[in-house]
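Engineer: File name final.txt; file contents compact mmCIF, C-alpha atoms and all ligand atoms; full text below.
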# COMPACT_ATOMS: atom_id res chain seq x y z
CA MET A 1 56.63 -16.31 3.53
CA ALA A 2 55.56 -13.23 1.60
CA GLU A 3 54.68 -15.42 -1.37
CA SER A 4 52.37 -17.57 0.70
CA LEU A 5 50.72 -14.52 2.26
CA HIS A 6 50.10 -13.11 -1.20
CA ASP A 7 48.71 -16.42 -2.27
CA HIS A 8 46.50 -16.56 0.81
CA TYR A 9 44.90 -13.20 -0.01
CA ARG A 10 44.66 -14.02 -3.69
CA ARG A 11 42.61 -17.10 -2.83
CA LEU A 12 40.51 -15.30 -0.19
CA LEU A 13 39.63 -12.65 -2.73
CA GLY A 14 38.99 -15.25 -5.41
CA LEU A 15 41.31 -13.44 -7.80
CA GLN A 16 42.15 -14.95 -11.15
CA THR A 17 44.75 -14.15 -13.76
CA PRO A 18 45.62 -11.47 -14.79
CA TRP A 19 45.01 -10.15 -11.25
CA GLU A 20 47.64 -10.92 -8.64
CA VAL A 21 48.49 -9.75 -5.13
CA SER A 22 51.71 -7.81 -5.42
CA ASP A 23 52.14 -6.59 -1.86
CA VAL A 24 50.62 -6.98 1.61
CA LYS A 25 51.54 -4.28 4.08
CA LEU A 26 50.70 -4.52 7.73
CA ASP A 27 50.60 -1.13 9.47
CA LEU A 28 50.54 -1.85 13.20
CA ALA A 29 50.34 1.79 14.27
CA GLN A 30 47.33 2.48 12.06
CA GLN A 31 45.89 -1.02 12.65
CA ARG A 32 45.56 -1.44 8.94
CA VAL A 33 46.31 -4.03 6.25
CA GLN A 34 46.95 -2.72 2.77
CA ILE A 35 46.73 -5.24 -0.04
CA ARG A 36 48.12 -4.06 -3.31
CA LEU A 37 46.74 -5.73 -6.42
CA ASN A 38 48.36 -5.80 -9.78
CA TRP A 39 47.33 -6.50 -13.34
CA ILE A 40 50.08 -8.90 -14.49
CA GLU A 41 52.40 -7.27 -16.92
CA GLY A 42 52.23 -8.77 -20.35
CA TYR A 43 48.44 -8.97 -20.42
CA GLN A 44 47.82 -6.42 -23.08
CA GLN A 45 44.13 -7.13 -23.56
CA GLY A 46 41.09 -6.43 -21.35
CA ASN A 47 37.32 -6.58 -21.72
CA CYS A 48 35.32 -3.47 -22.53
CA PRO A 49 32.82 -2.96 -19.65
CA GLU A 50 30.18 -1.84 -22.16
CA CYS A 51 30.28 -4.52 -24.84
CA GLY A 52 32.46 -7.23 -23.27
CA LYS A 53 34.80 -7.42 -26.27
CA SER A 54 38.44 -8.13 -25.63
CA VAL A 55 40.32 -5.02 -26.67
CA ARG A 56 43.75 -3.41 -26.24
CA LEU A 57 44.83 -1.92 -22.92
CA TYR A 58 45.27 1.82 -22.99
CA ASP A 59 46.86 2.77 -19.65
CA LEU A 60 46.40 2.46 -15.90
CA ALA A 61 43.83 4.62 -14.12
CA PRO A 62 44.93 6.59 -11.04
CA GLU A 63 45.18 4.58 -7.82
CA ARG A 64 41.94 3.60 -6.09
CA ARG A 65 41.14 1.95 -2.76
CA TRP A 66 38.31 -0.26 -1.62
CA ARG A 67 37.55 -1.15 1.93
CA HIS A 68 37.40 -4.91 2.46
CA LEU A 69 36.34 -7.11 5.39
CA ASP A 70 38.59 -6.53 8.37
CA THR A 71 41.53 -8.88 8.88
CA MET A 72 41.19 -9.65 12.59
CA GLN A 73 40.37 -6.13 13.86
CA PHE A 74 42.56 -4.49 11.26
CA GLU A 75 40.91 -2.31 8.69
CA THR A 76 41.75 -3.88 5.34
CA LEU A 77 42.12 -2.01 2.07
CA LEU A 78 42.55 -3.19 -1.49
CA ILE A 79 44.61 -0.82 -3.59
CA THR A 80 45.24 -0.87 -7.30
CA ARG A 81 45.58 1.10 -10.48
CA THR A 82 42.89 -0.41 -12.64
CA PRO A 83 43.76 -0.79 -16.33
CA ARG A 84 41.81 1.18 -18.89
CA ILE A 85 41.07 -0.22 -22.32
CA GLN A 86 40.46 1.50 -25.60
CA CYS A 87 37.36 0.12 -27.31
CA PRO A 88 36.87 1.10 -30.97
CA GLU A 89 33.18 1.55 -30.23
CA HIS A 90 33.05 2.85 -26.64
CA GLY A 91 36.32 4.71 -26.27
CA ILE A 92 38.50 4.65 -23.18
CA LYS A 93 36.91 2.76 -20.27
CA THR A 94 38.08 1.32 -16.96
CA VAL A 95 37.84 -2.48 -16.84
CA THR A 96 35.42 -4.03 -14.38
CA VAL A 97 37.14 -5.29 -11.24
CA PRO A 98 35.88 -8.63 -9.92
CA TRP A 99 35.93 -7.64 -6.23
CA ALA A 100 33.69 -4.57 -6.26
CA GLY A 101 30.61 -3.11 -7.90
CA LYS A 102 30.75 -0.08 -10.14
CA ASN A 103 31.42 3.18 -8.25
CA SER A 104 31.53 1.46 -4.88
CA ARG A 105 34.22 2.18 -2.31
CA PHE A 106 33.64 -1.22 -0.73
CA THR A 107 34.33 -4.77 -1.86
CA LEU A 108 31.38 -7.03 -2.64
CA MET A 109 32.27 -9.22 0.34
CA LEU A 110 32.12 -6.24 2.67
CA GLU A 111 28.82 -5.17 1.14
CA ALA A 112 27.40 -8.65 1.67
CA PHE A 113 28.54 -8.59 5.29
CA ALA A 114 27.04 -5.12 5.80
CA ILE A 115 23.70 -6.26 4.35
CA ALA A 116 23.57 -9.22 6.71
CA LEU A 117 24.39 -6.94 9.63
CA LEU A 118 21.78 -4.38 8.61
CA GLU A 119 19.14 -7.05 8.37
CA GLY A 120 19.79 -7.91 11.99
CA SER A 121 20.23 -4.39 13.35
CA ALA A 122 17.64 -2.19 14.95
CA THR A 123 18.93 0.95 13.28
CA ILE A 124 21.36 2.01 10.58
CA LYS A 125 23.31 3.88 13.23
CA GLU A 126 23.88 0.67 15.15
CA ALA A 127 25.00 -1.19 12.00
CA ALA A 128 27.28 1.70 11.06
CA LYS A 129 28.96 1.56 14.46
CA LEU A 130 29.58 -2.18 14.22
CA LEU A 131 30.95 -1.78 10.70
CA LYS A 132 33.09 1.22 11.68
CA MET A 133 31.54 3.16 8.83
CA ASP A 134 29.79 6.48 8.66
CA TRP A 135 26.02 6.56 8.22
CA HIS A 136 26.31 7.76 4.65
CA SER A 137 28.43 4.80 3.54
CA VAL A 138 26.01 2.32 5.08
CA HIS A 139 23.14 4.08 3.39
CA GLN A 140 24.92 3.79 0.04
CA ILE A 141 25.34 0.05 0.53
CA MET A 142 21.62 -0.20 1.25
CA GLU A 143 20.79 1.74 -1.88
CA ARG A 144 23.00 -0.45 -4.02
CA ALA A 145 21.41 -3.55 -2.48
CA VAL A 146 17.91 -2.27 -3.21
CA SER A 147 18.63 -1.43 -6.84
CA ARG A 148 20.31 -4.82 -7.26
CA GLY A 149 17.20 -6.47 -5.78
CA LEU A 150 14.80 -4.49 -7.94
CA GLU A 151 16.74 -5.39 -11.08
CA ARG A 152 16.54 -9.07 -10.19
CA ARG A 153 12.88 -9.08 -9.26
CA ASP A 154 10.86 -11.65 -11.20
CA GLN A 155 8.06 -10.82 -13.56
CA GLU A 156 5.80 -13.47 -12.09
CA ALA A 157 2.03 -13.01 -11.84
CA ILE A 158 0.77 -11.29 -8.68
CA ARG A 159 -2.90 -11.99 -7.94
CA HIS A 160 -3.71 -9.58 -5.13
CA LEU A 161 -2.35 -6.09 -4.72
CA GLY A 162 -2.82 -3.56 -1.93
CA LEU A 163 -2.79 0.17 -2.63
CA ASP A 164 -2.47 2.24 0.49
CA GLU A 165 -1.35 5.59 1.82
CA LYS A 166 1.04 6.09 4.70
CA GLY A 167 1.84 9.21 6.61
CA PHE A 168 5.36 10.45 6.10
CA GLY A 169 7.39 13.09 7.89
CA ARG A 170 5.73 15.87 9.79
CA GLY A 171 2.25 17.17 9.12
CA HIS A 172 0.14 15.94 6.29
CA SER A 173 2.55 14.45 3.81
CA TYR A 174 1.73 11.05 2.46
CA VAL A 175 3.30 8.35 0.37
CA THR A 176 1.51 5.74 -1.73
CA VAL A 177 2.56 2.14 -1.12
CA LEU A 178 1.89 -0.81 -3.42
CA THR A 179 2.05 -4.26 -1.82
CA ASP A 180 1.84 -7.84 -2.98
CA LEU A 181 -0.75 -9.06 -0.49
CA SER A 182 -0.15 -12.80 -0.83
CA ALA A 183 3.63 -12.57 -0.52
CA GLY A 184 3.50 -9.87 2.17
CA ARG A 185 6.03 -7.62 0.49
CA VAL A 186 6.20 -4.01 -0.62
CA LEU A 187 6.55 -3.54 -4.37
CA GLU A 188 6.90 0.22 -4.67
CA VAL A 189 6.68 3.47 -2.72
CA VAL A 190 5.99 6.84 -4.36
CA PRO A 191 5.56 10.33 -2.84
CA GLU A 192 2.10 11.91 -2.48
CA ARG A 193 -1.39 10.52 -2.43
CA THR A 194 -2.67 11.18 -5.93
CA GLN A 195 -3.81 9.31 -9.00
CA GLU A 196 -0.40 9.91 -10.59
CA ALA A 197 1.31 8.45 -7.53
CA ALA A 198 -0.89 5.36 -7.63
CA GLU A 199 -0.26 5.01 -11.36
CA SER A 200 3.46 5.18 -10.95
CA THR A 201 3.43 2.46 -8.28
CA LEU A 202 1.43 0.26 -10.66
CA GLU A 203 3.88 1.01 -13.44
CA SER A 204 6.58 -0.76 -11.47
CA LEU A 205 4.88 -3.92 -12.74
CA SER A 206 5.05 -5.01 -16.35
CA GLN A 207 1.95 -4.78 -18.49
CA THR A 208 1.58 -8.58 -18.46
CA GLN A 209 1.74 -8.54 -14.68
CA ARG A 210 -0.86 -5.79 -14.43
CA GLN A 211 -3.21 -7.72 -16.66
CA ALA A 212 -2.93 -10.78 -14.44
CA VAL A 213 -3.95 -8.92 -11.27
CA GLN A 214 -7.30 -10.23 -10.03
CA ALA A 215 -8.05 -7.77 -7.26
CA VAL A 216 -6.69 -4.65 -5.60
CA ALA A 217 -7.49 -3.68 -2.01
CA ALA A 218 -7.79 0.09 -1.57
CA ASP A 219 -9.71 2.64 0.43
CA MET A 220 -12.55 4.66 -1.11
CA TRP A 221 -10.25 7.40 -2.32
CA GLN A 222 -11.41 8.09 -5.86
CA PRO A 223 -8.00 8.78 -7.47
CA TYR A 224 -6.79 5.32 -6.40
CA ALA A 225 -9.83 3.68 -7.98
CA GLN A 226 -9.18 5.59 -11.20
CA ALA A 227 -5.55 4.53 -11.30
CA VAL A 228 -6.58 0.89 -10.90
CA ARG A 229 -9.24 1.14 -13.61
CA LYS A 230 -6.74 2.70 -15.97
CA LEU A 231 -3.71 0.46 -15.43
CA ALA A 232 -5.18 -2.82 -14.19
CA PRO A 233 -8.62 -2.78 -15.82
CA GLU A 234 -9.16 -6.52 -15.30
CA ALA A 235 -8.75 -6.22 -11.54
CA ALA A 236 -11.66 -5.94 -9.13
CA LEU A 237 -11.42 -3.12 -6.64
CA VAL A 238 -12.00 -4.32 -3.08
CA HIS A 239 -12.61 -1.66 -0.46
CA ASP A 240 -10.56 -2.28 2.57
CA LYS A 241 -12.75 -3.41 5.46
CA PHE A 242 -10.60 -1.70 8.06
CA HIS A 243 -11.00 1.56 6.23
CA VAL A 244 -14.78 1.10 6.15
CA ALA A 245 -14.79 0.34 9.88
CA LYS A 246 -12.81 3.52 10.50
CA LEU A 247 -15.33 5.66 8.61
CA ILE A 248 -18.22 4.21 10.64
CA HIS A 249 -16.24 4.77 13.84
CA GLU A 250 -15.70 8.37 12.92
CA ALA A 251 -19.41 8.88 12.21
CA LEU A 252 -20.32 7.33 15.56
CA ASP A 253 -17.84 9.56 17.32
CA GLN A 254 -19.30 12.61 15.61
CA VAL A 255 -22.78 11.67 16.87
CA ARG A 256 -21.37 11.32 20.37
CA ARG A 257 -19.62 14.69 20.30
CA GLN A 258 -22.69 16.52 19.00
CA GLU A 259 -24.94 14.90 21.59
CA HIS A 260 -22.50 15.48 24.41
CA ARG A 261 -22.43 19.18 23.54
CA ALA A 262 -26.23 19.32 23.22
CA LEU A 263 -26.56 17.81 26.69
CA GLY A 264 -24.47 20.57 28.19
CA GLY A 265 -21.10 18.78 28.18
CA GLY A 266 -18.95 18.11 31.23
CA LYS A 267 -20.58 16.44 34.21
CA ASN A 268 -24.08 17.38 33.01
CA SER A 269 -23.82 14.91 30.16
CA PRO A 270 -24.13 11.16 30.71
CA LEU A 271 -21.68 10.82 27.83
CA THR A 272 -18.78 12.22 29.86
CA LYS A 273 -15.74 9.96 29.65
CA SER A 274 -17.51 7.52 27.36
CA LYS A 275 -15.56 8.11 24.13
CA TYR A 276 -13.53 4.90 24.19
CA LEU A 277 -16.37 2.77 25.49
CA TRP A 278 -18.23 3.30 22.21
CA LEU A 279 -15.24 2.61 20.05
CA ARG A 280 -13.76 -0.41 21.74
CA ASN A 281 -14.84 -4.00 21.79
CA PRO A 282 -17.13 -4.59 24.85
CA LEU A 283 -15.47 -7.98 25.31
CA ASP A 284 -12.30 -6.19 26.46
CA PHE A 285 -14.01 -4.20 29.25
CA ASN A 286 -13.28 -4.62 32.95
CA PRO A 287 -16.34 -5.18 35.23
CA GLU A 288 -16.66 -1.46 36.04
CA GLN A 289 -16.55 -0.42 32.39
CA LYS A 290 -18.96 -3.20 31.53
CA GLU A 291 -21.53 -1.88 33.97
CA HIS A 292 -21.12 1.72 32.86
CA PHE A 293 -21.44 0.75 29.22
CA GLU A 294 -24.52 -1.45 29.79
CA THR A 295 -26.42 1.53 31.18
CA LEU A 296 -25.34 3.75 28.30
CA ARG A 297 -26.08 1.14 25.65
CA GLN A 298 -29.62 0.56 26.85
CA SER A 299 -30.37 4.28 27.17
CA GLU A 300 -32.37 6.45 24.78
CA LEU A 301 -29.21 8.26 23.74
CA LYS A 302 -28.63 8.96 20.05
CA THR A 303 -25.10 7.71 20.52
CA ALA A 304 -26.50 4.36 21.65
CA ARG A 305 -28.51 4.09 18.42
CA ALA A 306 -25.45 5.00 16.35
CA TRP A 307 -23.47 2.35 18.22
CA HIS A 308 -26.08 -0.31 17.32
CA LEU A 309 -25.73 0.67 13.68
CA LYS A 310 -21.97 0.35 13.90
CA GLN A 311 -22.12 -2.91 15.75
CA THR A 312 -24.58 -4.41 13.28
CA PHE A 313 -22.49 -3.43 10.28
CA ALA A 314 -19.55 -5.42 11.63
CA ASN A 315 -21.52 -8.58 10.76
CA PHE A 316 -21.50 -7.65 7.08
CA TRP A 317 -18.00 -9.06 6.63
CA PHE A 318 -18.96 -12.44 8.04
CA LEU A 319 -21.57 -13.16 5.39
CA HIS A 320 -20.84 -15.89 2.89
CA ALA A 321 -21.90 -14.59 -0.48
CA GLN A 322 -22.49 -11.42 -2.43
CA GLY A 323 -26.27 -12.03 -2.62
CA SER A 324 -26.82 -12.11 1.11
CA ALA A 325 -24.36 -9.24 1.59
CA ARG A 326 -26.32 -7.11 -0.86
CA LYS A 327 -29.59 -7.77 1.00
CA PHE A 328 -27.93 -7.14 4.36
CA PHE A 329 -26.56 -3.84 3.12
CA ALA A 330 -29.95 -2.69 1.77
CA ARG A 331 -31.56 -3.27 5.19
CA TRP A 332 -28.73 -1.60 7.06
CA TYR A 333 -28.72 1.34 4.65
CA ASN A 334 -32.46 1.96 5.14
CA TRP A 335 -32.05 1.83 8.89
CA ALA A 336 -29.10 4.25 8.79
CA VAL A 337 -30.67 6.88 6.51
CA ARG A 338 -33.89 6.86 8.56
CA SER A 339 -32.08 6.99 11.88
CA ARG A 340 -32.17 10.81 12.06
CA LEU A 341 -28.46 10.57 12.87
CA ARG A 342 -26.84 12.68 10.19
CA PRO A 343 -23.27 11.40 10.36
CA MET A 344 -24.54 7.81 10.17
CA ALA A 345 -26.79 8.60 7.20
CA GLN A 346 -23.86 10.30 5.48
CA VAL A 347 -21.53 7.38 5.92
CA ALA A 348 -24.26 4.99 4.71
CA ARG A 349 -24.68 7.04 1.52
CA LYS A 350 -20.95 7.04 0.96
CA LEU A 351 -20.82 3.28 1.35
CA LYS A 352 -23.73 2.89 -1.05
CA THR A 353 -21.91 4.74 -3.82
CA HIS A 354 -18.99 2.34 -3.31
CA LEU A 355 -21.13 -0.75 -2.80
CA GLN A 356 -19.56 -2.80 -5.60
CA GLY A 357 -16.17 -2.37 -3.98
CA LEU A 358 -17.62 -3.64 -0.70
CA LEU A 359 -19.34 -6.60 -2.35
CA ASN A 360 -16.17 -7.56 -4.24
CA TYR A 361 -14.80 -8.62 -0.87
CA PHE A 362 -16.96 -11.73 -1.08
CA CYS A 363 -15.09 -12.88 -4.21
CA HIS A 364 -11.60 -11.76 -3.14
CA ARG A 365 -11.23 -11.74 0.62
CA ILE A 366 -8.38 -9.29 0.81
CA SER A 367 -7.59 -6.19 2.84
CA ASN A 368 -4.63 -3.94 3.40
CA ALA A 369 -4.41 -4.69 7.06
CA PRO A 370 -2.14 -7.25 8.58
CA THR A 371 0.03 -8.64 5.84
CA GLU A 372 2.70 -10.15 8.02
CA GLY A 373 3.08 -7.10 10.16
CA LEU A 374 4.11 -5.06 7.14
CA ASN A 375 2.27 -1.99 8.37
CA SER A 376 3.92 -1.98 11.76
CA LYS A 377 7.30 -2.54 10.13
CA ILE A 378 6.76 0.48 7.87
CA GLN A 379 5.61 2.48 10.87
CA PHE A 380 8.77 1.50 12.73
CA LEU A 381 10.97 2.56 9.80
CA LYS A 382 9.25 5.91 9.73
CA HIS A 383 10.15 6.55 13.35
CA ALA A 384 13.65 5.17 12.92
CA ALA A 385 14.11 7.48 9.93
CA ARG A 386 13.67 10.60 12.03
CA GLY A 387 16.35 13.16 11.42
CA PHE A 388 16.92 12.42 7.76
CA ARG A 389 13.47 12.31 6.44
CA THR A 390 13.85 12.70 2.74
CA PHE A 391 11.49 10.58 0.75
CA HIS A 392 14.25 8.80 -1.12
CA ASN A 393 15.77 7.42 2.09
CA TYR A 394 12.40 6.31 3.35
CA ARG A 395 11.74 4.41 0.13
CA THR A 396 15.15 2.73 0.27
CA ARG A 397 14.49 1.54 3.80
CA ILE A 398 11.01 0.24 3.07
CA LEU A 399 12.22 -1.71 0.04
CA PHE A 400 15.31 -2.97 1.88
CA PHE A 401 13.38 -4.26 4.91
CA CYS A 402 9.93 -5.01 3.46
CA GLY A 403 10.54 -5.71 -0.24
CA LYS A 404 11.70 -9.33 0.16
CA LEU A 405 14.31 -8.55 -2.47
CA ASP A 406 17.38 -10.59 -3.33
CA LEU A 407 19.80 -7.98 -1.94
CA TYR A 408 23.14 -9.75 -1.84
CA PRO A 409 25.87 -9.22 -4.40
CA THR A 410 27.06 -12.23 -6.38
CA LEU A 411 30.58 -13.01 -5.22
CA HIS A 412 33.00 -13.99 -7.91
ZN ZN B 501 33.02 -1.65 -26.12
Any chance you could give the structure as structure tokens?
Ligand SMILES: [Zn+2]

Structural biologist:
Amino acid sequence: MAESLHDHYRRLLGLQTPWEVSDVKLDLAQQRVQIRLNWIEGYQQGNCPECGKSVRLYDLAPERRWRHLDTMQFETLLITRTPRIQCPEHGIKTVTVPWAGKNSRFTLMLEAFAIALLEGSATIKEAAKLLKMDWHSVHQIMERAVSRGLERRDQEAIRHLGLDEKGFGRGHSYVTVLTDLSAGRVLEVVPERTQEAAESTLESLSQTQRQAVQAVAADMWQPYAQAVRKLAPEAALVHDKFHVAKLIHEALDQVRRQEHRALGGGKNSPLTKSKYLWLRNPLDFNPEQKEHFETLRQSELKTARAWHLKQTFANFWFLHAQGSARKFFARWYNWAVRSRLRPMAQVARKLKTHLQGLLNYFCHRISNAPTEGLNSKIQFLKHAARGFRTFHNYRTRILFFCGKLDLYPTLH
């Protein structure tokens, strides 16, 4: 009976000689199964974990335990004294056990199960509860999975990259995120929003990969442009159209605020309660809003002129070629700088200095916006990460959930 139980566990664990199951103890009170493993006596050789050479055994390391998948609802532990070898080159080392990764307190099978559970869980806390583990242990499994995935990541060519900043934690901290736009996956996350940060995200790719990049979508932040020029000099910089739209929105809103104040504010100003009407798409208005906005739009207000500038620029992105886009921009630019609307003139000048980056869009139609909901996923992780907001944890989560990495351990 005992023999067959030992054999059962030996096969479940996929153990091979010289490992054997020497004892299975069922502790009903503690609801626990303890499986003792043994290195068969007589095997005097083991492989050095550093060089793989078969060398002489030295002794047995102190007893260690690994948590394994539960047996029914019983917590299941593997226990052994792992042999140590003496390698002429590397000294005394503990042999690699086939059921667990280095320095892990969990078996590979349990790690694989935890990864699958995490992938389907809303939060780490929820996964931890289901696994009957503390948060820290689950986090460690995630970290190991991410480094495993990063090590395995291919060196294939990536045509289109996205370089973007994301808010992180309280206040004005940022992280820089590098994405593979075609595959919709995050490649690297680095603290801060600086040229160095952008460079270190790009350095996560090999030099050959960087040379094969055709275009990078980024905002007009100069340090990002410099990082791209330095590390991926062959790549065209494409200014993100959503970022451009945001700048024009902000300029329009500035015109509205200034005018509202100049007209006496409050009920005296026809601009009262109009903020969102100028910024939203008129197609989404209800009949009442539509009527209100029609009157405003056709008025002599400065804000109305600024809105026409904004609205007209939106057509830029629908043009078919660089040539017509260049002509369109020249006309729009002249209109904006002569509009006597300072914020609009300012934004037009800014766009003119970055014109090549805008025109590059017509060769590489990329932007940082909706790559498979990546942005909203990252946003969700940020909120879910409340309470333990160190950068390192945030990076682990983003790469675990958005890196499309091969996270699972190879089971022996
Ligand atoms: Zn060695």

Engineer: Find the spatial neighbours of range 298-302 of chain A, counting only C-alpha atoms, within a cut-off of 12 Å - ignore same-chain residues fewer than 6 positions away - and output them as a list in words.

Structural biologist: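 Once the nearby chain positions are removed, what remains is Leu252, Asp253, Gln254, Val255, Arg256, Arg257, Gln258, Glu259, His260, Ala262, Leu263, Ser269, Pro270, Leu271, Glu291, His292, His308, Leu309, Ser339, Arg340, Leu341, Arg342, Pro343 and Met344 of chain A.
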
Engineer: Select, from A:Glu188, A:Glu196, A:Glu89, A:Glu234, the residue with the minimum atom-to-atom distance to ligand ZN 501 (chain B), counting all atoms listed in the file.

Structural biologist: A:Glu89

Engineer: Kindly provide the residues of chain A that approach ligand ZN 501 (chain B) to within 6 Å, each paired with its closest atom pair and their distance in Å to one decimal, based on only C-alpha atoms and all ligand atoms, listed by chain and increasing number, as JSON lines.

Structural biologist:
{"residue": "A:Cys48", "atom": "CA", "partner": "B:ZN501", "partner_atom": "ZN", "distance": 4.6}
{"residue": "A:Glu50", "atom": "CA", "partner": "B:ZN501", "partner_atom": "ZN", "distance": 4.9}
{"residue": "A:Cys51", "atom": "CA", "partner": "B:ZN501", "partner_atom": "ZN", "distance": 4.2}
{"residue": "A:Cys87", "atom": "CA", "partner": "B:ZN501", "partner_atom": "ZN", "distance": 4.8}
{"residue": "A:Glu89", "atom": "CA", "partner": "B:ZN501", "partner_atom": "ZN", "distance": 5.2}
{"residue": "A:His90", "atom": "CA", "partner": "B:ZN501", "partner_atom": "ZN", "distance": 4.5}

Engineer: As a PyMOL selection string, please: the residues near range 69-81 of chain A (cut-off 6 Å, only C-alpha atoms, same-chain neighbours under 2 positions excluded).

Structural biologist: chain A and resi 31-37+60-67+110

Engineer: Quick one: everything within 10 Å of Ile124 in chain A, counting all atoms listed in the file, minus sequence neighbours fewer than 5 positions away in the same chain. Send it as number ranges by chain.

Structural biologist: A: 117-119, 129-130, 134-136, 138-139, 142, 384-385, 397

Engineer: How far is it from CA of Ile85 in chain A to CA of Gln16 in chain A, in Å with one decimal?

Structural biologist: 18.5 Å

Engineer: What is the CA of Ala127 in chain A to CA of Lys404 in chain A distance in Å?

Structural biologist: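 Result for CA of Ala127 in chain A versus CA of Lys404 in chain A: 19.6 Å, one decimal.
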